[in-house]
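Here is the structure we will look at.
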Amino acid sequence: MKVKMIDTAYGGYGITKDENGKVVFIPHTVEDDVLYITITKESKKFSYASVNEIIEASPYRIKPLCKYTGICGGCLFNHIDYKGLS
């Protein structure tokens, strides 16, 4: 499924909505990323997904400063340009 990220949530997740308007949480994404995703878990009110491909990277996406970003869980938003989002 092709989506555009619309917001950022607690825990390192980005937010988008599926074709039915249900909220989808996707880890390690940035507002304005355009992605191909796969739904990995569904509930009545929201879903979780994984990224298959970044079609168009957000202008707020940066190269993480830490080489362990996405592995250890310590820097959940290290791939986002904080200055650009504020």
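Residues are named by chain letter and number: chains run A, B, ... in the order of the structure tokens, numbers start at 1 in each chain, and ligands are numbered from 1 in the order shown.
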
Select from chain A everything DSSP, run on the backbone, classes as alpha helix (DSSP H), then give the selection as a ChimeraX atom specification. /A:82-85

Just the residues within 7 Å of region 49-57 of chain A, please, counting only C-alpha atoms, with nothing from its chain fewer than 4 positions along; format it as number ranges by chain. A: 24-26, 33-41, 61

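One distance worth recording is that between CA of Lys17 (chain A) and CA of Gly74 (chain A), which is 26.7 Å.
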
Within chain A, find each residue whose DSSP state, derived from the backbone, is strand (DSSP E), and express the selection as an MDAnalysis selection string. chainID A and resid 2:4 7:9 13:17 23:27 34:42 46:56

When you look at Thr16 (chain A) with a cut-off of 7 Å (counting only C-alpha atoms), what residues show up, excluding the ones that are within fewer than 2 positions of it in the same chain? I need them as a PyMOL selection string. chain A and resi 3-7+14+18+23-25

Since we have the selection now, will you write its residues out, keeping all heavy atoms, as a tab-separated table (two decimals), in the first residue's frame?
chain	number	residue	atom	x	y	z
A	3	VAL	N	1.48	5.14	0.92
A	3	VAL	CA	0.96	6.11	1.87
A	3	VAL	C	1.90	7.31	1.98
A	3	VAL	O	3.07	7.21	1.62
A	3	VAL	CB	0.77	5.50	3.29
A	3	VAL	CG1	-0.28	4.40	3.28
A	3	VAL	CG2	2.07	5.01	3.86
A	4	LYS	N	1.36	8.40	2.53
A	4	LYS	CA	2.17	9.57	2.88
A	4	LYS	C	2.03	9.77	4.38
A	4	LYS	O	0.91	9.79	4.91
A	4	LYS	CB	1.71	10.81	2.13
A	4	LYS	CG	2.58	12.01	2.44
A	4	LYS	CD	2.26	13.20	1.56
A	4	LYS	CE	3.21	14.34	1.87
A	4	LYS	NZ	2.99	15.47	0.99
A	5	MET	N	3.15	9.92	5.07
A	5	MET	CA	3.14	10.10	6.52
A	5	MET	C	2.60	11.49	6.85
A	5	MET	O	2.93	12.47	6.17
A	5	MET	CB	4.55	9.93	7.08
A	5	MET	CG	5.14	8.55	6.78
A	5	MET	SD	4.07	7.17	7.20
A	5	MET	CE	3.96	7.35	8.97
A	6	ILE	N	1.75	11.55	7.91
A	6	ILE	CA	1.10	12.82	8.24
A	6	ILE	C	1.51	13.40	9.59
A	6	ILE	O	1.29	14.57	9.84
A	6	ILE	CB	-0.43	12.69	8.17
A	6	ILE	CG1	-0.93	11.59	9.10
A	6	ILE	CG2	-0.89	12.46	6.75
A	6	ILE	CD1	-2.45	11.49	9.19
A	7	ASP	N	2.11	12.58	10.46
A	7	ASP	CA	2.45	13.07	11.79
A	7	ASP	C	3.44	12.13	12.46
A	7	ASP	O	3.79	11.09	11.91
A	7	ASP	CB	1.18	13.19	12.64
A	7	ASP	CG	1.27	14.26	13.71
A	7	ASP	OD1	2.39	14.77	13.98
A	7	ASP	OD2	0.23	14.60	14.29
A	14	GLY	N	5.73	6.92	13.17
A	14	GLY	CA	5.08	7.90	12.34
A	14	GLY	C	3.63	7.47	12.17
A	14	GLY	O	3.28	6.31	12.41
A	18	ASP	N	-4.96	4.63	6.47
A	18	ASP	CA	-5.17	3.75	5.32
A	18	ASP	C	-6.33	4.27	4.47
A	18	ASP	O	-6.91	5.32	4.77
A	18	ASP	CB	-5.37	2.28	5.76
A	18	ASP	CG	-6.68	2.04	6.51
A	18	ASP	OD1	-7.58	2.91	6.53
A	18	ASP	OD2	-6.80	0.94	7.09
A	23	VAL	N	-6.08	4.81	11.43
A	23	VAL	CA	-4.73	5.23	11.75
A	23	VAL	C	-3.78	4.03	11.65
A	23	VAL	O	-4.09	2.93	12.10
A	23	VAL	CB	-4.67	5.84	13.17
A	23	VAL	CG1	-3.24	6.08	13.62
A	23	VAL	CG2	-5.46	7.13	13.22
A	24	VAL	N	-2.61	4.29	11.05
A	24	VAL	CA	-1.57	3.28	10.92
A	24	VAL	C	-0.28	3.84	11.52
A	24	VAL	O	0.14	4.94	11.15
A	24	VAL	CB	-1.33	2.88	9.45
A	24	VAL	CG1	-0.26	1.81	9.35
A	24	VAL	CG2	-2.62	2.43	8.79
A	25	PHE	N	0.32	3.10	12.44
A	25	PHE	CA	1.59	3.48	13.07
A	25	PHE	C	2.72	2.73	12.38
A	25	PHE	O	2.64	1.51	12.22
A	25	PHE	CB	1.59	3.12	14.55
A	25	PHE	CG	0.58	3.88	15.36
A	25	PHE	CD1	-0.60	3.28	15.76
A	25	PHE	CD2	0.81	5.20	15.73
A	25	PHE	CE1	-1.53	3.97	16.51
A	25	PHE	CE2	-0.12	5.90	16.48
A	25	PHE	CZ	-1.30	5.29	16.88

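Among the candidates A:Lys2, A:Lys63, A:Lys44, A:Lys22, the one nearest to Ile80 (chain A) when counting only C-alpha atoms is A:Lys63.
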
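Among the candidate residues A:Lys83, A:Ser47, A:Thr8, A:Lys67, the one lying nearest to Thr29 (chain A) is A:Thr8, with distances computed using only C-alpha atoms.
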
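The spacing separating CA of Tyr13 (chain A) from CA of Glu31 (chain A) amounts to 10.1 Å.
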
At what distance in Å, to one decimal, does CA of Ile71 (chain A) lie from CA of Gly12 (chain A)? 12.1 Å
